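Everything below belongs to my_file.json, which stores JSON, C-alpha atoms.
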[["chain", "number", "residue", "atom", "x", "y", "z"],
["U", 596, "MET", "CA", 0.00, 0.00, 0.00],
["U", 597, "PRO", "CA", 1.49, 3.37, -0.97],
["U", 598, "LEU", "CA", 1.96, 5.40, 2.19],
["U", 599, "ILE", "CA", 0.43, 8.58, 0.73],
["U", 600, "GLY", "CA", -2.90, 8.67, -1.06],
["U", 601, "LEU", "CA", -5.66, 10.93, -2.35],
["U", 602, "GLY", "CA", -8.89, 11.26, -0.38],
["U", 603, "THR", "CA", -11.98, 11.84, -2.52],
["U", 604, "GLY", "CA", -14.57, 12.85, 0.10],
["U", 605, "GLY", "CA", -14.37, 16.62, -0.15],
["U", 606, "TYR", "CA", -15.60, 19.33, 2.17],
["U", 607, "ALA", "CA", -17.28, 22.60, 1.22],
["U", 608, "PRO", "CA", -19.59, 24.95, 3.10],
["U", 609, "ASN", "CA", -23.33, 24.58, 2.75],
["U", 610, "ASN", "CA", -26.25, 24.06, 5.06],
["U", 611, "SER", "CA", -26.22, 20.26, 5.06],
["U", 612, "PHE", "CA", -25.61, 18.25, 8.21],
["U", 613, "PRO", "CA", -23.18, 17.29, 9.60],
["U", 614, "HIS", "CA", -20.09, 18.01, 7.53],
["U", 615, "GLY", "CA", -20.95, 20.02, 4.43],
["U", 616, "GLU", "CA", -21.15, 18.68, 0.90],
["U", 617, "TYR", "CA", -19.11, 15.93, -0.71],
["U", 618, "TRP", "CA", -17.70, 16.03, -4.21],
["U", 619, "ASN", "CA", -19.58, 14.96, -7.30],
["U", 620, "ASP", "CA", -18.37, 12.72, -10.12],
["U", 621, "SER", "CA", -16.96, 15.51, -12.29],
["U", 622, "VAL", "CA", -14.90, 17.00, -9.45],
["U", 623, "ALA", "CA", -13.63, 13.57, -8.43],
["U", 624, "GLU", "CA", -12.65, 12.74, -12.00],
["U", 625, "ILE", "CA", -10.57, 15.91, -12.39],
["U", 626, "ALA", "CA", -8.86, 15.49, -9.01],
["U", 627, "VAL", "CA", -8.03, 11.81, -9.48],
["U", 628, "SER", "CA", -6.73, 12.48, -12.98],
["U", 629, "ALA", "CA", -4.44, 15.22, -11.64],
["U", 630, "TRP", "CA", -3.27, 12.99, -8.79],
["U", 631, "LEU", "CA", -2.36, 10.13, -11.12],
["U", 632, "LYS", "CA", -0.47, 12.49, -13.46],
["U", 633, "LEU", "CA", 1.56, 13.68, -10.46],
["U", 634, "GLY", "CA", 2.60, 10.09, -9.77],
["U", 635, "GLY", "CA", 0.12, 9.30, -6.99],
["U", 636, "ARG", "CA", -1.08, 5.71, -6.96],
["U", 637, "ARG", "CA", -3.35, 5.36, -3.91],
["U", 638, "ILE", "CA", -6.95, 6.59, -4.04],
["U", 639, "ASP", "CA", -9.34, 6.64, -1.09],
["U", 640, "ALA", "CA", -13.03, 6.43, -2.03],
["U", 641, "ALA", "CA", -16.28, 5.36, -0.34],
["U", 642, "PHE", "CA", -19.83, 4.23, -1.01],
["U", 643, "SER", "CA", -21.10, 7.29, 0.86],
["U", 644, "TYR", "CA", -19.10, 9.83, -1.18],
["U", 645, "HIS", "CA", -21.28, 9.24, -4.27],
["U", 646, "ASP", "CA", -18.46, 10.16, -6.63],
["U", 647, "GLN", "CA", -16.98, 6.75, -7.44],
["U", 648, "VAL", "CA", -18.17, 6.84, -11.06],
["U", 649, "GLY", "CA", -15.88, 9.84, -11.58],
["U", 650, "VAL", "CA", -13.05, 8.11, -9.71],
["U", 651, "GLY", "CA", -13.37, 5.01, -11.88],
["U", 652, "LYS", "CA", -13.51, 7.03, -15.10],
["U", 653, "ALA", "CA", -10.31, 8.89, -14.24],
["U", 654, "ILE", "CA", -8.54, 5.62, -13.49],
["U", 655, "ARG", "CA", -9.61, 4.04, -16.77],
["U", 656, "GLU", "CA", -8.72, 7.06, -18.88],
["U", 657, "SER", "CA", -5.30, 7.44, -17.24],
["U", 658, "GLY", "CA", -3.96, 4.47, -19.17],
["U", 659, "ILE", "CA", -2.24, 3.22, -16.03],
["U", 660, "PRO", "CA", -2.67, -0.55, -15.51],
["U", 661, "ARG", "CA", -5.26, -1.31, -12.84],
["U", 662, "GLU", "CA", -2.80, -3.40, -10.81],
["U", 663, "GLN", "CA", -0.55, -0.36, -10.38],
["U", 664, "ILE", "CA", -3.28, 1.67, -8.65],
["U", 665, "PHE", "CA", -4.29, 1.01, -5.05],
["U", 666, "ILE", "CA", -8.01, 1.64, -4.54],
["U", 667, "THR", "CA", -9.57, 1.88, -1.09],
["U", 668, "SER", "CA", -13.34, 2.02, -0.69],
["U", 669, "LYS", "CA", -15.71, 1.87, 2.26],
["U", 670, "VAL", "CA", -19.14, 0.49, 3.06],
["U", 671, "GLY", "CA", -21.55, 1.19, 5.88],
["U", 672, "PRO", "CA", -22.41, 4.47, 7.65],
["U", 673, "GLY", "CA", -20.31, 7.36, 6.48],
["U", 674, "GLY", "CA", -21.99, 10.72, 6.52],
["U", 675, "VAL", "CA", -25.24, 12.13, 5.28],
["U", 676, "CYS", "CA", -25.78, 9.38, 2.69],
["U", 677, "GLY", "CA", -23.89, 6.38, 4.02],
["U", 678, "GLY", "CA", -25.15, 2.81, 3.91],
["U", 679, "ALA", "CA", -26.33, 0.60, 6.76],
["U", 680, "LEU", "CA", -24.32, -1.87, 8.78],
["U", 681, "GLY", "CA", -25.30, -5.53, 8.47],
["U", 682, "TYR", "CA", -24.45, -8.70, 6.58],
["U", 683, "ASN", "CA", -26.57, -8.46, 3.44],
["U", 684, "ASP", "CA", -26.40, -4.66, 3.47],
["U", 685, "THR", "CA", -22.60, -4.88, 3.24],
["U", 686, "LEU", "CA", -22.75, -7.36, 0.35],
["U", 687, "ASP", "CA", -25.24, -5.19, -1.53],
["U", 688, "GLN", "CA", -23.18, -2.03, -1.05],
["U", 689, "MET", "CA", -20.10, -3.83, -2.36],
["U", 690, "LYS", "CA", -21.97, -4.56, -5.60],
["U", 691, "ASP", "CA", -22.55, -0.82, -5.96],
["U", 692, "VAL", "CA", -18.90, -0.04, -5.15],
["U", 693, "LEU", "CA", -17.56, -2.36, -7.85],
["U", 694, "SER", "CA", -20.18, -1.27, -10.37],
["U", 695, "SER", "CA", -19.63, 2.47, -9.87],
["U", 696, "LEU", "CA", -15.85, 2.16, -9.98],
["U", 697, "ASN", "CA", -16.16, -0.26, -12.92],
["U", 698, "VAL", "CA", -13.60, -2.65, -11.43],
["U", 699, "THR", "CA", -13.68, -6.31, -10.42],
["U", 700, "TYR", "CA", -11.99, -5.77, -7.07],
["U", 701, "VAL", "CA", -10.68, -3.11, -4.71],
["U", 702, "ASP", "CA", -7.38, -3.33, -2.90],
["U", 703, "LEU", "CA", -8.77, -2.41, 0.51],
["U", 704, "LEU", "CA", -12.35, -2.35, 1.78],
["U", 705, "LEU", "CA", -13.21, -0.65, 5.09],
["U", 706, "ILE", "CA", -16.26, -0.46, 7.35],
["U", 707, "HIS", "CA", -16.66, 3.32, 7.33],
["U", 708, "TRP", "CA", -18.01, 3.77, 10.88],
["U", 709, "PRO", "CA", -18.59, 1.32, 13.76],
["U", 710, "TYR", "CA", -22.16, 2.47, 14.39],
["U", 711, "VAL", "CA", -25.08, 4.28, 12.80],
["U", 712, "ASP", "CA", -25.51, 7.88, 13.88],
["U", 713, "VAL", "CA", -29.24, 8.43, 14.24],
["U", 714, "ARG", "CA", -28.71, 12.17, 13.75],
["U", 715, "TRP", "CA", -28.27, 11.43, 10.06],
["U", 716, "PRO", "CA", -31.71, 11.44, 8.38],
["U", 717, "TYR", "CA", -30.53, 8.98, 5.73],
["U", 718, "SER", "CA", -29.60, 6.46, 8.40],
["U", 719, "ARG", "CA", -32.99, 6.77, 10.09],
["U", 720, "ASN", "CA", -34.79, 6.31, 6.79],
["U", 721, "HIS", "CA", -32.65, 3.40, 5.57],
["U", 722, "PRO", "CA", -32.37, 0.93, 8.46],
["U", 723, "SER", "CA", -30.35, -2.25, 8.23],
["U", 724, "THR", "CA", -32.01, -5.43, 6.98],
["U", 725, "ASP", "CA", -29.89, -7.42, 9.44],
["U", 726, "SER", "CA", -31.89, -8.41, 12.55],
["U", 727, "LEU", "CA", -28.67, -8.17, 14.59],
["U", 728, "CYS", "CA", -28.44, -4.48, 13.67],
["U", 729, "GLN", "CA", -32.05, -3.57, 14.40],
["U", 730, "GLY", "CA", -31.97, -3.73, 18.19],
["U", 731, "HIS", "CA", -29.58, -2.65, 20.90],
["U", 732, "THR", "CA", -26.82, -5.11, 20.02],
["U", 733, "PRO", "CA", -24.04, -3.01, 18.46],
["U", 734, "GLN", "CA", -21.39, -5.68, 19.11],
["U", 735, "ALA", "CA", -23.40, -8.35, 17.30],
["U", 736, "CYS", "CA", -24.11, -5.90, 14.47],
["U", 737, "ARG", "CA", -20.41, -5.13, 13.98],
["U", 738, "GLN", "CA", -19.55, -8.81, 14.08],
["U", 739, "SER", "CA", -22.23, -9.69, 11.52],
["U", 740, "THR", "CA", -20.91, -6.93, 9.27],
["U", 741, "TRP", "CA", -17.36, -8.24, 9.69],
["U", 742, "LYS", "CA", -18.49, -11.73, 8.60],
["U", 743, "ALA", "CA", -19.71, -10.19, 5.34],
["U", 744, "MET", "CA", -16.37, -8.42, 4.91],
["U", 745, "GLN", "CA", -14.56, -11.73, 5.29],
["U", 746, "LEU", "CA", -16.80, -13.31, 2.65],
["U", 747, "LEU", "CA", -15.96, -10.51, 0.22],
["U", 748, "PHE", "CA", -12.28, -11.15, 0.91],
["U", 749, "ARG", "CA", -12.66, -14.87, 0.21],
["U", 750, "GLN", "CA", -14.53, -14.04, -3.00],
["U", 751, "ASN", "CA", -11.54, -11.94, -4.14],
["U", 752, "LYS", "CA", -13.67, -8.82, -4.38],
["U", 753, "THR", "CA", -11.20, -7.07, -2.10],
["U", 754, "ARG", "CA", -7.55, -7.87, -1.47],
["U", 755, "ALA", "CA", -7.68, -6.72, 2.16],
["U", 756, "ILE", "CA", -10.33, -5.71, 4.69],
["U", 757, "GLY", "CA", -10.25, -3.18, 7.48],
["U", 758, "ILE", "CA", -12.14, -0.63, 9.52],
["U", 759, "SER", "CA", -12.43, 3.13, 9.86],
["U", 760, "ASN", "CA", -13.14, 5.40, 12.84],
["U", 761, "PHE", "CA", -13.10, 2.40, 15.21],
["U", 762, "GLU", "CA", -12.09, 2.95, 18.82],
["U", 763, "ALA", "CA", -10.34, 0.19, 20.80],
["U", 764, "LYS", "CA", -13.62, -1.15, 22.22],
["U", 765, "HIS", "CA", -15.05, -1.47, 18.71],
["U", 766, "ILE", "CA", -11.94, -3.23, 17.46],
["U", 767, "GLN", "CA", -12.13, -5.61, 20.41],
["U", 768, "ASP", "CA", -15.55, -6.74, 19.18],
["U", 769, "ILE", "CA", -13.85, -7.92, 15.98],
["U", 770, "LEU", "CA", -10.89, -9.49, 17.77],
["U", 771, "ASP", "CA", -13.24, -11.42, 20.06],
["U", 772, "MET", "CA", -14.53, -13.31, 17.03],
["U", 773, "GLY", "CA", -11.19, -15.10, 16.70],
["U", 774, "GLU", "CA", -11.32, -14.74, 12.92],
["U", 775, "MET", "CA", -9.58, -12.39, 10.46],
["U", 776, "ILE", "CA", -7.92, -9.34, 12.00],
["U", 777, "PRO", "CA", -8.48, -5.98, 10.28],
["U", 778, "SER", "CA", -5.52, -4.94, 8.15],
["U", 779, "VAL", "CA", -6.15, -1.21, 8.63],
["U", 780, "ASN", "CA", -7.94, 1.23, 10.94],
["U", 781, "GLN", "CA", -8.41, 4.62, 9.28],
["U", 782, "CYS", "CA", -8.96, 7.50, 11.73],
["U", 783, "GLU", "CA", -8.48, 11.23, 11.95],
["U", 784, "PHE", "CA", -4.93, 12.10, 13.00],
["U", 785, "HIS", "CA", -3.07, 15.40, 13.20],
["U", 786, "PRO", "CA", -1.33, 17.48, 15.91],
["U", 787, "TYR", "CA", -4.66, 18.75, 17.25],
["U", 788, "PHE", "CA", -6.41, 15.37, 17.25],
["U", 789, "HIS", "CA", -4.23, 12.36, 17.98],
["U", 790, "GLU", "CA", -5.41, 9.27, 19.85],
["U", 791, "LEU", "CA", -1.99, 7.86, 20.62],
["U", 792, "ASP", "CA", -3.45, 5.14, 22.85],
["U", 793, "LEU", "CA", -5.49, 3.94, 19.88],
["U", 794, "VAL", "CA", -2.40, 4.04, 17.67],
["U", 795, "GLU", "CA", -0.55, 1.83, 20.18],
["U", 796, "PHE", "CA", -3.54, -0.53, 20.45],
["U", 797, "CYS", "CA", -3.49, -0.97, 16.67],
["U", 798, "LYS", "CA", 0.26, -1.55, 16.63],
["U", 799, "LYS", "CA", -0.10, -4.18, 19.37],
["U", 800, "HIS", "CA", -2.56, -6.10, 17.20],
["U", 801, "LYS", "CA", -0.59, -5.52, 13.97],
["U", 802, "ILE", "CA", -3.26, -3.26, 12.50],
["U", 803, "VAL", "CA", -1.94, -0.48, 10.24],
["U", 804, "PHE", "CA", -3.13, 2.93, 11.51],
["U", 805, "ASN", "CA", -4.09, 5.02, 8.49],
["U", 806, "GLY", "CA", -4.59, 8.69, 9.36],
["U", 807, "TYR", "CA", -6.86, 11.11, 7.56],
["U", 808, "ALA", "CA", -7.50, 14.87, 7.80],
["U", 809, "SER", "CA", -3.76, 15.46, 8.16],
["U", 810, "ILE", "CA", -4.22, 19.22, 8.00],
["U", 811, "GLY", "CA", -7.43, 19.18, 10.01],
["U", 812, "THR", "CA", -11.11, 19.50, 9.16],
["U", 813, "PRO", "CA", -13.20, 22.67, 9.11],
["U", 814, "ASP", "CA", -16.09, 21.39, 11.19],
["U", 815, "TRP", "CA", -14.58, 21.59, 14.67],
["U", 816, "GLY", "CA", -11.53, 22.78, 16.59],
["U", 817, "PRO", "CA", -9.90, 26.24, 16.80],
["U", 818, "TRP", "CA", -10.64, 26.76, 13.11],
["U", 819, "SER", "CA", -14.27, 25.52, 13.39],
["U", 820, "ARG", "CA", -16.42, 26.53, 10.43],
["U", 821, "ASN", "CA", -13.74, 28.82, 9.05],
["U", 822, "TRP", "CA", -13.85, 27.54, 5.50],
["U", 823, "ASN", "CA", -10.93, 29.71, 4.41],
["U", 824, "SER", "CA", -8.52, 28.31, 6.96],
["U", 825, "SER", "CA", -7.03, 25.11, 8.38],
["U", 826, "ILE", "CA", -4.54, 24.16, 11.06],
["U", 827, "SER", "CA", -1.78, 24.88, 8.54],
["U", 828, "ASP", "CA", -2.68, 28.56, 9.15],
["U", 829, "LEU", "CA", -2.29, 28.44, 12.93],
["U", 830, "PRO", "CA", 0.57, 30.60, 14.27],
["U", 831, "LEU", "CA", 2.32, 27.72, 16.06],
["U", 832, "VAL", "CA", 2.37, 25.57, 12.93],
["U", 833, "LYS", "CA", 3.62, 28.49, 10.84],
["U", 834, "SER", "CA", 6.41, 29.28, 13.31],
["U", 835, "ILE", "CA", 7.63, 25.67, 13.29],
["U", 836, "ALA", "CA", 7.58, 25.67, 9.50],
["U", 837, "GLU", "CA", 9.56, 28.92, 9.32],
["U", 838, "ALA", "CA", 12.14, 27.64, 11.82],
["U", 839, "HIS", "CA", 12.79, 24.54, 9.70],
["U", 840, "LYS", "CA", 12.38, 26.24, 6.31],
["U", 841, "LYS", "CA", 9.47, 24.00, 5.38],
["U", 842, "SER", "CA", 5.86, 24.67, 4.44],
["U", 843, "PRO", "CA", 3.14, 24.31, 7.12],
["U", 844, "VAL", "CA", 1.68, 21.36, 5.20],
["U", 845, "GLN", "CA", 5.07, 19.61, 5.23],
["U", 846, "VAL", "CA", 5.29, 20.08, 8.99],
["U", 847, "LEU", "CA", 1.85, 18.56, 9.52],
["U", 848, "LEU", "CA", 2.61, 15.60, 7.28],
["U", 849, "ARG", "CA", 5.93, 15.06, 9.01],
["U", 850, "TYR", "CA", 4.07, 14.86, 12.33],
["U", 851, "SER", "CA", 2.01, 11.93, 11.04],
["U", 852, "LEU", "CA", 4.92, 10.19, 9.36],
["U", 853, "GLN", "CA", 7.10, 10.40, 12.47],
["U", 854, "HIS", "CA", 4.33, 8.56, 14.30],
["U", 855, "GLU", "CA", 4.48, 5.91, 11.55],
["U", 856, "ILE", "CA", 1.01, 6.86, 10.30],
["U", 857, "ALA", "CA", 0.01, 6.08, 6.73],
["U", 858, "LEU", "CA", -2.04, 8.95, 5.36],
["U", 859, "PRO", "CA", -4.26, 10.07, 2.52],
["U", 860, "PHE", "CA", -3.74, 13.75, 2.01],
["U", 861, "GLU", "CA", -6.33, 16.22, 3.21],
["U", 862, "ASN", "CA", -9.28, 16.86, 0.95],
["U", 863, "PHE", "CA", -10.57, 20.08, 2.53],
["U", 864, "LEU", "CA", -9.17, 22.92, 0.48],
["U", 865, "PRO", "CA", -8.73, 26.34, 2.14],
["U", 866, "GLY", "CA", -10.16, 29.00, -0.12],
["U", 867, "ALA", "CA", -11.70, 26.47, -2.51],
["U", 868, "VAL", "CA", -15.32, 27.15, -1.76],
["U", 869, "ASP", "CA", -17.42, 27.59, -4.88],
["U", 870, "LEU", "CA", -15.34, 27.32, -8.02],
["U", 871, "LYS", "CA", -14.47, 23.85, -9.22],
["U", 872, "LYS", "CA", -11.24, 25.06, -10.84],
["U", 873, "ARG", "CA", -10.06, 26.68, -7.61],
["U", 874, "ARG", "CA", -10.94, 23.50, -5.72],
["U", 875, "ILE", "CA", -8.89, 21.33, -8.06],
["U", 876, "ALA", "CA", -6.05, 23.85, -8.19],
["U", 877, "GLY", "CA", -5.85, 23.66, -4.43],
["U", 878, "HIS", "CA", -5.76, 19.88, -4.58],
["U", 879, "VAL", "CA", -2.95, 19.86, -7.12],
["U", 880, "ALA", "CA", -0.94, 22.37, -5.09],
["U", 881, "TYR", "CA", -1.24, 20.21, -1.97],
["U", 882, "SER", "CA", -0.44, 17.10, -4.01],
["U", 883, "LYS", "CA", 2.84, 18.60, -5.15],
["U", 884, "GLN", "CA", 3.78, 19.54, -1.59],
["U", 885, "ILE", "CA", 2.97, 16.04, -0.36],
["U", 886, "LEU", "CA", 4.93, 14.24, -3.05],
["U", 887, "ARG", "CA", 7.84, 16.64, -2.49],
["U", 888, "THR", "CA", 7.63, 16.13, 1.26],
["U", 889, "SER", "CA", 7.68, 12.35, 0.97],
["U", 890, "THR", "CA", 11.01, 12.42, -0.85],
["U", 891, "CYS", "CA", 12.60, 14.23, 2.11],
["U", 892, "PHE", "CA", 12.03, 11.37, 4.52],
["U", 893, "SER", "CA", 13.98, 8.20, 5.09],
["U", 894, "HIS", "CA", 10.72, 6.31, 5.65],
["U", 895, "VAL", "CA", 9.96, 3.39, 3.36],
["U", 896, "LEU", "CA", 6.92, 4.55, 1.39],
["U", 897, "TRP", "CA", 5.22, 1.17, 1.14],
["U", 898, "LEU", "CA", 3.49, -0.88, 3.82],
["U", 899, "ARG", "CA", 2.80, -4.55, 3.28],
["U", 900, "PHE", "CA", -0.63, -5.97, 3.95],
["U", 901, "ARG", "CA", -1.05, -9.39, 5.48],
["U", 902, "PHE", "CA", -3.04, -10.81, 2.54]]

Final structure tokens representation of the file:
Amino acid sequence: MPLIGLGTGGYAPNNSFPHGEYWNDSVAEIAVSAWLKLGGRRIDAAFSYHDQVGVGKAIRESGIPREQIFITSKVGPGGVCGGALGYNDTLDQMKDVLSSLNVTYVDLLLIHWPYVDVRWPYSRNHPSTDSLCQGHTPQACRQSTWKAMQLLFRQNKTRAIGISNFEAKHIQDILDMGEMIPSVNQCEFHPYFHELDLVEFCKKHKIVFNGYASIGTPDWGPWSRNWNSSISDLPLVKSIAEAHKKSPVQVLLRYSLQHEIALPFENFLPGAVDLKKRRIAGHVAYSKQILRTSTCFSHVLWLRFRF
């Protein structure tokens, strides 16, 4: 798995709940195309992002062999329009993932969230068909979902399976099954949000910790709802960058890498609010900084999965 990847679930300000709007297919296509031209080879997508058709189109039109591109996707709850947890629900969502991406397999499939947030209207209106997910048995629901993930792995529809936004107690539900261990846990990680105990828990169980939102998110924190800013604009981050003659983004990425965190780069773009071209220009600018930053480190830029 390439250490650095492109996240395709974008942020932008609007009145939707809880995190603003995601990209659409045309935006995703342009961003993925630019990322691949820059040399990027890992792409992070999801059922709930509703832009995988654009992701798949960019991959096909790039001319790059499919086996050279690492595709991550996710099933289950994941925002305003995520899917349900549950055995058959997971299998059905995977059909949509493969169809929209127009591929026969993904390299990594994650359960997007360990529970359904009833604050999301979509989740309330689209309950799970799994009886184990319809009551007050979250552990049984997660375990039933994980059984479906293992089936997809055995069917070669994904080369590895993992989880996202799982805390230690959620991971323990999976470990207690005595079956396949998740390859990856993808969680938010940056200097202003770092669950180091969770990182150590994952290391103990040989689960790769994959960070996201490396330069923060606009929906909470000291920069909350300031859509023209991020933690790369905070005075402390800027002063560290100036002292080491690096950019603020490089400093933030270095923080994750020094904690041995694999990361997709941030997909919230400061200043990229309304215009698609500005949004993509911001993405490309960050992409160049990330690829340039990665060459400065002695870290090995590939992590092996336990297939």

### Task
Could you tell me how far CA of Pro709 (chain U) lies from CA of Val648 (chain U), in Å and to one decimal?
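Result for CA of Pro709 (chain U) versus CA of Val648 (chain U): 25.4 Å, one decimal.
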
### Query
Between U:Asn805, U:Ser834, U:Asn751, U:Ser628, which one has atoms that come closest to Leu793 (chain U), using all atoms listed in the file?
U:Asn805

### Task
Can you work out which one of U:Val622, U:Met596, U:Cys782, U:Leu829 has the shortest atom-to-atom distance to Arg754 (chain U), counting all atoms listed in the file?
U:Met596

### Task
Tell me which of U:Ile802, U:Leu631, U:Ile638, U:Lys764 sits closest to Phe665 (chain U), counting only C-alpha atoms.
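Of the candidates, the smallest distance to Phe665 (chain U) is held by U:Ile638.
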
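CA of Asn683 (chain U) sits 14.8 Å away from CA of Phe748 (chain U).
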
#### Entry: Residue with smallest distance to Ile766 (chain U) - pool U:Cys797, U:Ile599, U:Val844, U:Ile826, counting only C-alpha atoms
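Ranking U:Cys797, U:Ile599, U:Val844, U:Ile826 by distance to Ile766 (chain U), first place goes to U:Cys797.
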
### Task
Tell me which protein, DNA and RNA residues are within 12 Å of Leu693 (chain U), counting all atoms listed in the file, leaving out same-chain ones fewer than 4 positions away, and put them as a list of chain:residue names.
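Final neighbour list, sorted by chain and number: U:Ala640, U:Ala641, U:Phe642, U:Gln647, U:Val648, U:Val650, U:Gly651, U:Ile666, U:Thr667, U:Ser668, U:Lys669, U:Val670, U:Leu686, U:Asp687, U:Gln688, U:Met689, U:Asn697, U:Val698, U:Thr699, U:Tyr700, U:Val701, U:Asp702, U:Leu704, U:Leu747, U:Asn751, U:Lys752, U:Thr753.
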
### Task
Kindly give the distance, in Å, that separates CA of Pro597 (chain U) and CA of Asp639 (chain U), rounded to a single decimal.
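We find that CA of Pro597 (chain U) and CA of Asp639 (chain U) lie 11.3 Å from each other.
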
### Task
Could you give me, as a ChimeraX atom specification, the residues that have an atom at most 7 Å away from the point (-4.5, -3.8, 5.2) in the coordinates of the file, using only C-alpha atoms?
/U:703,755-757,777-779,803,900-901

### Message
Can you pull out the residues contacting Gly671 (chain U)? Cut-off 8 Å, using all atoms listed in the file, and skip same-chain residues under 3 positions away; I want them as a PyMOL selection string.
### Response
chain U and resi 642-643+677-680+684-685+688+706-708

#### Entry: Spatial neighbours of Val627 (chain U), 10 Å, all atoms listed in the file, chain gap at least 5 places, as number ranges by chain
U: 601-603, 622, 632-633, 635-639, 649-654, 657, 875, 878-879
